[in-house]
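J.: One file: coords.txt (compact mmCIF, C-alpha atoms and all ligand atoms).
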# COMPACT_ATOMS: atom_id res chain seq x y z
CA MET S 1464 -9.20 43.00 -7.52
CA SER S 1465 -8.07 43.03 -3.91
CA SER S 1466 -10.96 41.07 -2.36
CA GLY S 1467 -10.96 38.45 -5.10
CA ILE S 1468 -14.70 38.94 -5.44
CA HIS S 1469 -15.90 40.04 -8.86
CA ASN S 1470 -18.79 42.44 -9.01
CA SER S 1471 -22.02 40.93 -10.28
CA GLY S 1472 -21.38 41.95 -13.91
CA GLY S 1473 -24.33 42.74 -16.17
CA SER S 1474 -26.26 45.99 -16.18
CA GLY S 1475 -29.22 47.30 -14.21
CA PRO S 1476 -30.01 47.28 -10.50
CA VAL S 1477 -28.55 44.69 -8.14
CA VAL S 1478 -31.24 42.29 -6.95
CA ARG S 1479 -31.18 39.30 -4.62
CA GLY S 1480 -32.77 35.91 -4.90
CA ILE S 1481 -32.29 32.34 -3.74
CA LEU S 1482 -31.33 29.17 -5.60
CA HIS S 1483 -32.39 25.62 -4.75
CA ALA S 1484 -35.79 25.63 -3.00
CA HIS S 1485 -38.38 22.91 -2.35
CA SER S 1486 -42.14 23.36 -1.94
CA LEU S 1487 -44.95 20.84 -1.43
CA TYR S 1488 -44.22 19.63 -4.98
CA SER S 1489 -41.24 17.88 -3.33
CA TYR S 1490 -41.76 15.00 -0.88
CA ASP S 1491 -39.85 16.87 1.83
CA GLY S 1492 -40.92 20.50 1.26
CA LYS S 1493 -42.96 22.09 4.06
CA HIS S 1494 -44.61 25.06 2.33
CA SER S 1495 -46.70 25.87 -0.73
CA LEU S 1496 -45.25 27.88 -3.60
CA SER S 1497 -47.38 30.87 -2.65
CA GLU S 1498 -46.14 30.77 0.97
CA ILE S 1499 -42.56 30.70 -0.31
CA ALA S 1500 -43.21 33.57 -2.74
CA GLY S 1501 -44.82 35.63 0.06
CA ALA S 1502 -41.92 35.01 2.46
CA ALA S 1503 -39.41 35.83 -0.28
CA ARG S 1504 -41.08 39.15 -1.03
CA GLU S 1505 -41.14 39.93 2.70
CA ALA S 1506 -37.41 39.19 2.86
CA SER S 1507 -36.87 41.68 -0.03
CA LEU S 1508 -35.87 38.94 -2.44
CA SER S 1509 -36.64 39.56 -6.12
CA PHE S 1510 -36.58 35.95 -7.31
CA VAL S 1511 -36.69 32.35 -6.15
CA CYS S 1512 -35.36 29.45 -8.24
CA MET S 1513 -37.38 26.37 -7.32
CA THR S 1514 -35.76 22.92 -7.66
CA GLU S 1515 -38.37 20.27 -6.86
CA HIS S 1516 -37.29 16.66 -6.29
CA SER S 1517 -37.85 14.64 -9.46
CA ASP S 1518 -38.82 11.55 -7.38
CA THR S 1519 -42.41 12.73 -6.95
CA LEU S 1520 -42.82 14.56 -10.28
CA ASP S 1521 -44.17 13.68 -13.68
CA GLY S 1522 -44.99 15.66 -16.83
CA VAL S 1523 -48.38 16.83 -15.51
CA LYS S 1524 -47.02 17.99 -12.15
CA VAL S 1525 -44.21 19.90 -13.84
CA ARG S 1526 -46.75 21.67 -16.06
CA ASP S 1527 -48.68 22.64 -12.91
CA LEU S 1528 -45.46 23.81 -11.26
CA VAL S 1529 -44.57 25.99 -14.26
CA MET S 1530 -48.07 27.50 -14.41
CA GLU S 1531 -48.18 28.19 -10.68
CA CYS S 1532 -44.75 29.83 -10.79
CA GLU S 1533 -45.95 32.06 -13.64
CA SER S 1534 -49.05 33.08 -11.69
CA LEU S 1535 -46.89 34.06 -8.68
CA SER S 1536 -44.53 36.17 -10.81
CA SER S 1537 -44.88 39.86 -11.66
CA ALA S 1538 -42.72 42.73 -12.89
CA ASP S 1539 -41.08 43.01 -9.46
CA PHE S 1540 -40.78 39.33 -8.54
CA ALA S 1541 -39.87 36.15 -10.43
CA MET S 1542 -40.76 32.65 -9.28
CA ILE S 1543 -38.65 30.40 -11.53
CA PRO S 1544 -39.54 26.71 -11.81
CA GLY S 1545 -36.94 23.94 -11.78
CA ILE S 1546 -36.19 20.34 -10.85
CA GLU S 1547 -33.62 18.59 -8.65
CA PHE S 1548 -33.08 15.37 -10.60
CA SER S 1549 -32.25 12.21 -8.63
CA CYS S 1550 -29.71 10.46 -10.86
CA ASP S 1551 -27.69 7.24 -10.86
CA ASP S 1552 -25.23 6.81 -7.99
CA LYS S 1553 -27.41 9.01 -5.74
CA LEU S 1554 -26.19 12.10 -7.58
CA HIS S 1555 -28.48 15.13 -7.44
CA LEU S 1556 -28.49 17.46 -10.43
CA LEU S 1557 -30.26 20.82 -10.28
CA GLY S 1558 -32.06 21.91 -13.43
CA ILE S 1559 -32.66 25.56 -12.57
CA GLY S 1560 -35.26 27.10 -14.88
CA VAL S 1561 -36.14 23.81 -16.59
CA ARG S 1562 -39.83 23.68 -17.59
CA SER S 1563 -40.40 20.11 -18.62
CA TYR S 1564 -39.84 16.66 -17.15
CA ASP S 1565 -37.61 13.78 -18.18
CA PRO S 1566 -37.47 10.55 -16.14
CA SER S 1567 -33.90 9.66 -17.15
CA PRO S 1568 -31.48 8.94 -14.26
CA ASP S 1569 -28.46 9.70 -16.51
CA SER S 1570 -26.87 12.92 -15.23
CA VAL S 1571 -24.83 13.60 -18.37
CA TYR S 1572 -27.89 13.17 -20.59
CA LEU S 1573 -29.89 15.42 -18.23
CA THR S 1574 -27.37 18.28 -18.44
CA ARG S 1575 -28.10 18.37 -22.19
CA PHE S 1576 -31.86 18.12 -21.58
CA ILE S 1577 -31.62 21.05 -19.13
CA ARG S 1578 -29.57 23.19 -21.53
CA GLU S 1579 -31.92 22.52 -24.45
CA GLY S 1580 -34.82 23.61 -22.21
CA GLY S 1581 -33.09 26.92 -21.45
CA GLY S 1582 -32.11 25.88 -17.91
CA VAL S 1583 -28.90 25.85 -15.89
CA SER S 1584 -27.42 22.54 -14.65
CA VAL S 1585 -25.67 22.29 -11.31
CA PHE S 1586 -24.01 19.31 -9.58
CA ALA S 1587 -25.75 19.65 -6.17
CA HIS S 1588 -24.14 19.28 -2.71
CA PRO S 1589 -21.04 17.25 -3.75
CA MET S 1590 -20.64 16.22 -0.09
CA ARG S 1591 -23.28 13.51 -0.60
CA LYS S 1592 -21.10 12.03 -3.32
CA ALA S 1593 -17.98 12.17 -1.11
CA TYR S 1594 -16.65 14.83 -3.51
CA ARG S 1595 -16.32 12.53 -6.49
CA ILE S 1596 -17.57 13.65 -9.87
CA PRO S 1597 -18.79 11.04 -12.33
CA ASP S 1598 -16.93 10.70 -15.63
CA GLY S 1599 -18.16 12.98 -18.32
CA LEU S 1600 -20.26 15.21 -16.08
CA LEU S 1601 -17.73 18.03 -15.98
CA ASP S 1602 -17.78 18.30 -19.77
CA SER S 1603 -21.44 19.17 -19.80
CA VAL S 1604 -22.57 20.59 -16.44
CA ASP S 1605 -22.75 24.39 -15.97
CA GLY S 1606 -21.42 24.41 -12.42
CA ILE S 1607 -20.98 22.93 -8.95
CA GLU S 1608 -22.88 23.84 -5.81
CA ILE S 1609 -19.82 24.61 -3.69
CA TRP S 1610 -21.95 25.81 -0.82
CA ASN S 1611 -25.26 24.24 0.23
CA CYS S 1612 -26.92 25.78 3.25
CA ALA S 1613 -28.50 22.49 4.39
CA TYR S 1614 -25.32 20.39 4.19
CA ASP S 1615 -22.60 22.98 4.80
CA GLY S 1616 -24.27 25.48 7.14
CA SER S 1617 -25.11 29.08 6.34
CA LEU S 1618 -22.02 31.00 7.38
CA VAL S 1619 -19.10 29.95 5.19
CA PRO S 1620 -18.66 27.50 2.30
CA ASN S 1621 -17.34 23.98 2.77
CA ALA S 1622 -13.55 23.92 2.26
CA ARG S 1623 -13.64 20.45 0.62
CA ALA S 1624 -16.29 21.55 -1.86
CA ILE S 1625 -14.15 24.57 -2.73
CA ASP S 1626 -11.12 22.31 -3.25
CA LEU S 1627 -13.22 20.09 -5.49
CA TYR S 1628 -14.31 23.14 -7.48
CA VAL S 1629 -10.76 24.43 -7.82
CA ARG S 1630 -9.54 21.03 -9.05
CA ALA S 1631 -12.45 20.70 -11.48
CA ARG S 1632 -11.95 24.22 -12.79
CA SER S 1633 -8.30 23.54 -13.60
CA THR S 1634 -9.47 21.24 -16.42
CA HIS S 1635 -12.87 22.89 -17.07
CA PRO S 1636 -12.35 26.66 -16.71
CA GLY S 1637 -15.97 27.50 -17.60
CA LEU S 1638 -17.40 25.89 -14.44
CA VAL S 1639 -19.47 28.24 -12.26
CA ALA S 1640 -19.42 28.15 -8.43
CA PHE S 1641 -23.03 28.04 -7.19
CA VAL S 1642 -24.46 28.58 -3.72
CA GLY S 1643 -27.77 26.93 -2.79
CA CYS S 1644 -30.19 27.55 0.04
CA ASP S 1645 -31.69 24.03 -0.24
CA LEU S 1646 -34.74 25.64 1.31
CA HIS S 1647 -37.36 23.32 2.80
CA ARG S 1648 -38.49 25.58 5.65
CA LEU S 1649 -39.13 29.32 5.48
CA ALA S 1650 -36.90 29.84 8.53
CA ASN S 1651 -33.88 29.50 6.20
CA ILE S 1652 -35.00 32.03 3.60
CA ARG S 1653 -32.79 34.88 4.85
CA LYS S 1654 -29.62 32.86 5.44
CA MET S 1655 -28.08 32.91 2.00
CA ALA S 1656 -28.77 34.64 -1.29
CA VAL S 1657 -27.36 35.30 -4.72
CA GLN S 1658 -26.95 38.85 -5.90
CA VAL S 1659 -27.23 39.66 -9.63
CA LYS S 1660 -27.25 42.84 -11.67
CA VAL S 1661 -30.04 42.54 -14.24
CA PRO S 1662 -32.06 45.03 -16.30
CA SER S 1663 -35.32 43.12 -15.63
CA LEU S 1664 -36.63 40.14 -13.70
CA ASP S 1665 -37.34 38.19 -16.86
CA PRO S 1666 -36.46 34.56 -15.94
CA ASP S 1667 -34.26 34.13 -19.05
CA THR S 1668 -32.23 37.21 -18.07
CA ILE S 1669 -31.70 35.86 -14.55
CA LEU S 1670 -30.86 32.40 -15.90
CA SER S 1671 -28.25 33.73 -18.29
CA ALA S 1672 -26.57 35.66 -15.43
CA LEU S 1673 -26.51 32.42 -13.42
CA ARG S 1674 -25.19 30.36 -16.34
CA THR S 1675 -22.26 32.71 -16.88
CA GLY S 1676 -21.42 33.09 -13.18
CA ALA S 1677 -22.29 36.81 -13.20
CA PHE S 1678 -23.48 36.80 -9.58
CA ARG S 1679 -22.27 36.75 -6.00
CA GLY S 1680 -23.33 34.29 -3.33
CA VAL S 1681 -23.75 36.10 -0.01
CA SER S 1682 -24.37 35.01 3.58
CA ARG S 1683 -24.20 37.11 6.72
CA LEU S 1684 -20.50 36.30 7.01
CA CYS S 1685 -19.19 35.71 3.57
CA ALA S 1686 -19.46 36.52 -0.12
CA ILE S 1687 -18.19 34.60 -3.10
CA SER S 1688 -18.28 35.31 -6.82
CA GLY S 1689 -19.85 32.83 -9.24
CA ARG S 1690 -16.43 32.91 -10.89
CA PRO S 1691 -13.99 33.22 -8.01
CA SER S 1692 -10.43 34.01 -9.06
CA GLY S 1693 -6.98 33.14 -7.71
CA ASN S 1694 -6.62 31.24 -4.44
CA VAL S 1695 -10.33 30.75 -3.81
CA SER S 1696 -10.20 29.31 -0.26
CA GLN S 1697 -7.79 31.93 0.98
CA ARG S 1698 -9.73 34.81 -0.50
CA ILE S 1699 -13.06 33.58 0.85
CA GLY S 1700 -11.35 33.24 4.24
CA ILE S 1701 -10.07 36.79 4.15
CA ARG S 1702 -13.42 38.13 3.05
CA ALA S 1703 -15.23 36.15 5.78
CA LEU S 1704 -12.87 37.49 8.45
CA GLY S 1705 -13.48 41.04 7.24
CA MET S 1706 -17.24 40.60 7.35
CA ALA S 1707 -17.06 38.93 10.80
CA TYR S 1708 -15.03 41.88 12.05
CA SER S 1709 -17.52 44.48 10.80
CA THR S 1710 -20.45 42.45 12.23
CA ALA S 1711 -18.65 42.39 15.60
CA GLN S 1712 -18.05 46.15 15.37
CA ARG S 1713 -21.73 46.80 14.66
CA PHE S 1714 -22.73 44.57 17.59
CA ARG S 1715 -20.26 46.33 19.89
CA ALA S 1716 -21.59 49.74 18.86
CA ARG S 1717 -25.06 48.66 19.99
CA LEU S 1718 -23.93 47.64 23.50
CA PRO S 1719 -24.29 50.18 26.34
CA SER S 1720 -20.90 51.88 26.64
CA GLY S 1721 -20.18 50.51 30.17
CA ARG S 1722 -20.62 46.88 29.05
CA ALA S 1723 -18.62 47.44 25.89
CA ALA S 1724 -15.81 49.01 27.89
CA ARG S 1725 -15.60 46.09 30.36
CA ARG S 1726 -15.28 43.52 27.56
ZN ZN S 1801 -30.34 17.06 -2.99
ZN ZN S 1802 -32.52 20.00 -2.59
Now that the file is in, can you turn its structure into structure tokens?
T.:
Amino acid sequence: MSSGIHNSGGSGPVVRGILHAHSLYSYDGKHSLSEIAGAAREASLSFVCMTEHSDTLDGVKVRDLVMECESLSSADFAMIPGIEFSCDDKLHLLGIGVRSYDPSPDSVYLTRFIREGGGVSVFAHPMRKAYRIPDGLLDSVDGIEIWNCAYDGSLVPNARAIDLYVRARSTHPGLVAFVGCDLHRLANIRKMAVQVKVPSLDPDTILSALRTGAFRGVSRLCAISGRPSGNVSQRIGIRALGMAYSTAQRFRARLPSGRAARR
């Protein structure tokens, strides 16, 4: 494939959603779940995967979160609950789609807990860990968040996180490359999305596409497959340049001809 970007795989229409979002269930979220669902629908997103900080959760709050997500979901929109677990060594582990709570700070144990609960485990924003991965985590985690909007910006992925992913994948070929909005404010809801091809918005269907890397992460400037192939950094670079060029062309076409001609 010339661009190095796989198509989304799966069958059915292509839909967009966001991964890694915080509401008032998290200590630092700024909006309620229903405000986030409303803004997501307005932005033509079909699903949102919530990942609330475990620090302020317990079993009862997670039950409330799951129920509220269900009440905000419908045939044309899925609000998927989940937890961002604060683990030992300040590691953050996303449990996308997880529906119950466990207070353990052990990231390797939690990857198993997440899988048994039907969720998807992701080593979040490796930058915070100075790009080191704890022993044993790679054997059990589903993927790495190689691009986090809050830490890496919204235009292109972080080159060091991509290098980390490429190194990790050389010994663990099943690892998926995730992109996360890390949404706390609605202003960031349109900056980055994942695109999946699914027959329905059933949460389990979306989660299995995520788990197998059958998606693309897209920003305004760049797109990357959940299973990027070949020289990942180079291919993302080429793709980003191509998208920047077409954005510039569209902008130029909108300028009055005199101004465009003088530039
Ligand atoms: Zn985090
Ligand atoms: Zn987060």
J.: For ligand ZN 1801 (chain S), return the neighbouring residues as a PDB file with C-alpha atoms, in the coordinates of the input (distance at most 10 Å; all atoms listed in the file).
T.:
ATOM      1  CA  HIS S1483     -32.390  25.620  -4.750  1.00  0.00           C
ATOM      2  CA  HIS S1485     -38.380  22.910  -2.350  1.00  0.00           C
ATOM      3  CA  THR S1514     -35.760  22.920  -7.660  1.00  0.00           C
ATOM      4  CA  GLU S1515     -38.370  20.270  -6.860  1.00  0.00           C
ATOM      5  CA  HIS S1516     -37.290  16.660  -6.290  1.00  0.00           C
ATOM      6  CA  GLU S1547     -33.620  18.590  -8.650  1.00  0.00           C
ATOM      7  CA  PHE S1548     -33.080  15.370 -10.600  1.00  0.00           C
ATOM      8  CA  SER S1549     -32.250  12.210  -8.630  1.00  0.00           C
ATOM      9  CA  LYS S1553     -27.410   9.010  -5.740  1.00  0.00           C
ATOM     10  CA  LEU S1554     -26.190  12.100  -7.580  1.00  0.00           C
ATOM     11  CA  HIS S1555     -28.480  15.130  -7.440  1.00  0.00           C
ATOM     12  CA  LEU S1556     -28.490  17.460 -10.430  1.00  0.00           C
ATOM     13  CA  LEU S1557     -30.260  20.820 -10.280  1.00  0.00           C
ATOM     14  CA  PHE S1586     -24.010  19.310  -9.580  1.00  0.00           C
ATOM     15  CA  ALA S1587     -25.750  19.650  -6.170  1.00  0.00           C
ATOM     16  CA  HIS S1588     -24.140  19.280  -2.710  1.00  0.00           C
ATOM     17  CA  PRO S1589     -21.040  17.250  -3.750  1.00  0.00           C
ATOM     18  CA  ARG S1591     -23.280  13.510  -0.600  1.00  0.00           C
ATOM     19  CA  ASN S1611     -25.260  24.240   0.230  1.00  0.00           C
ATOM     20  CA  ALA S1613     -28.500  22.490   4.390  1.00  0.00           C
ATOM     21  CA  TYR S1614     -25.320  20.390   4.190  1.00  0.00           C
ATOM     22  CA  ASP S1645     -31.690  24.030  -0.240  1.00  0.00           C
TER      23      ASP S1645
END
J.: Could you work out how far CA of Pro1597 in chain S lies from CA of Leu1573 in chain S, giving the answer in Å with one decimal?
T.: 13.3 Å
J.: Counting all atoms listed in the file, figure out which residue out of S:Asn1621, S:Ser1486, S:Ser1497, S:Thr1634 gets nearest to ligand ZN 1802 (chain S).
T.: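 Of S:Asn1621, S:Ser1486, S:Ser1497, S:Thr1634, the one nearest ligand ZN 1802 (chain S) is S:Ser1486, counting all atoms listed in the file.
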J.: CA of Val1583 in chain S and CA of Arg1683 in chain S are how many Å apart?
T.: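 CA of Arg1683 in chain S lies 25.7 Å from CA of Val1583 in chain S.
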J.: Go through S:Gly1599, S:Gly1676, S:Gly1545, S:Gly1581 and flag the residue nearest ligand ZN 1802 (chain S), using only C-alpha atoms and all ligand atoms for the distances.
T.: S:Gly1545
J.: Between S:Val1681, S:Ala1500, S:Cys1512, S:Ser1495, which one has atoms that come closest to ligand ZN 1802 (chain S), using only C-alpha atoms and all ligand atoms?
T.: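 The closest residue to ligand ZN 1802 (chain S) is S:Cys1512.
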J.: List the spatial neighbours of Ser1663 in chain S as a list in words - criterion: any atom at most 8 Å away, only C-alpha atoms, same-chain residues fewer than 3 positions off excluded.
T.: Gly1475, Ala1538 and Thr1668 of chain S
J.: Point out the residue among S:Ser1489, S:Ala1677, S:Arg1504, S:Val1619 with the least atom-to-atom distance to Ala1541 in chain S, counting only C-alpha atoms.
T.: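 The answer is S:Arg1504, which sits nearest to Ala1541 in chain S.
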J.: Do you have the CA of Pro1666 in chain S-CA of Arg1653 in chain S distance handy?
T.: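 A separation of 21.1 Å between them.
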J.: Just the residues within 8 Å of Val1477 in chain S, please, counting all atoms listed in the file, with nothing from its chain fewer than 6 positions along; format it as a list of chain:residue names.
T.: S:Ser1471, S:Gln1658, S:Val1659, S:Lys1660, S:Val1661
J.: Would you save the residues from that selection as a PDB file, keeping the file's coordinate frame, using C-alpha atoms?
T.:
ATOM      1  CA  SER S1471     -22.020  40.930 -10.280  1.00  0.00           C
ATOM      2  CA  GLN S1658     -26.950  38.850  -5.900  1.00  0.00           C
ATOM      3  CA  VAL S1659     -27.230  39.660  -9.630  1.00  0.00           C
ATOM      4  CA  LYS S1660     -27.250  42.840 -11.670  1.00  0.00           C
ATOM      5  CA  VAL S1661     -30.040  42.540 -14.240  1.00  0.00           C
TER       6      VAL S1661
END
J.: Neighbouring residues of Cys1612 in chain S were defined as those with any atom within 6 Å, considering all atoms listed in the file; residues of the same chain fewer than 4 positions away were excluded. Please report them as number ranges by chain.
T.: S: 1616-1617, 1644
J.: Please produce a file of those selected residues containing C-alpha atoms, as a PDB file, in the coordinates of the input.
T.:
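After the write, part_6.pdb holds the following:
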ATOM      1  CA  GLY S1616     -24.270  25.480   7.140  1.00  0.00           C
ATOM      2  CA  SER S1617     -25.110  29.080   6.340  1.00  0.00           C
ATOM      3  CA  CYS S1644     -30.190  27.550   0.040  1.00  0.00           C
TER       4      CYS S1644
END
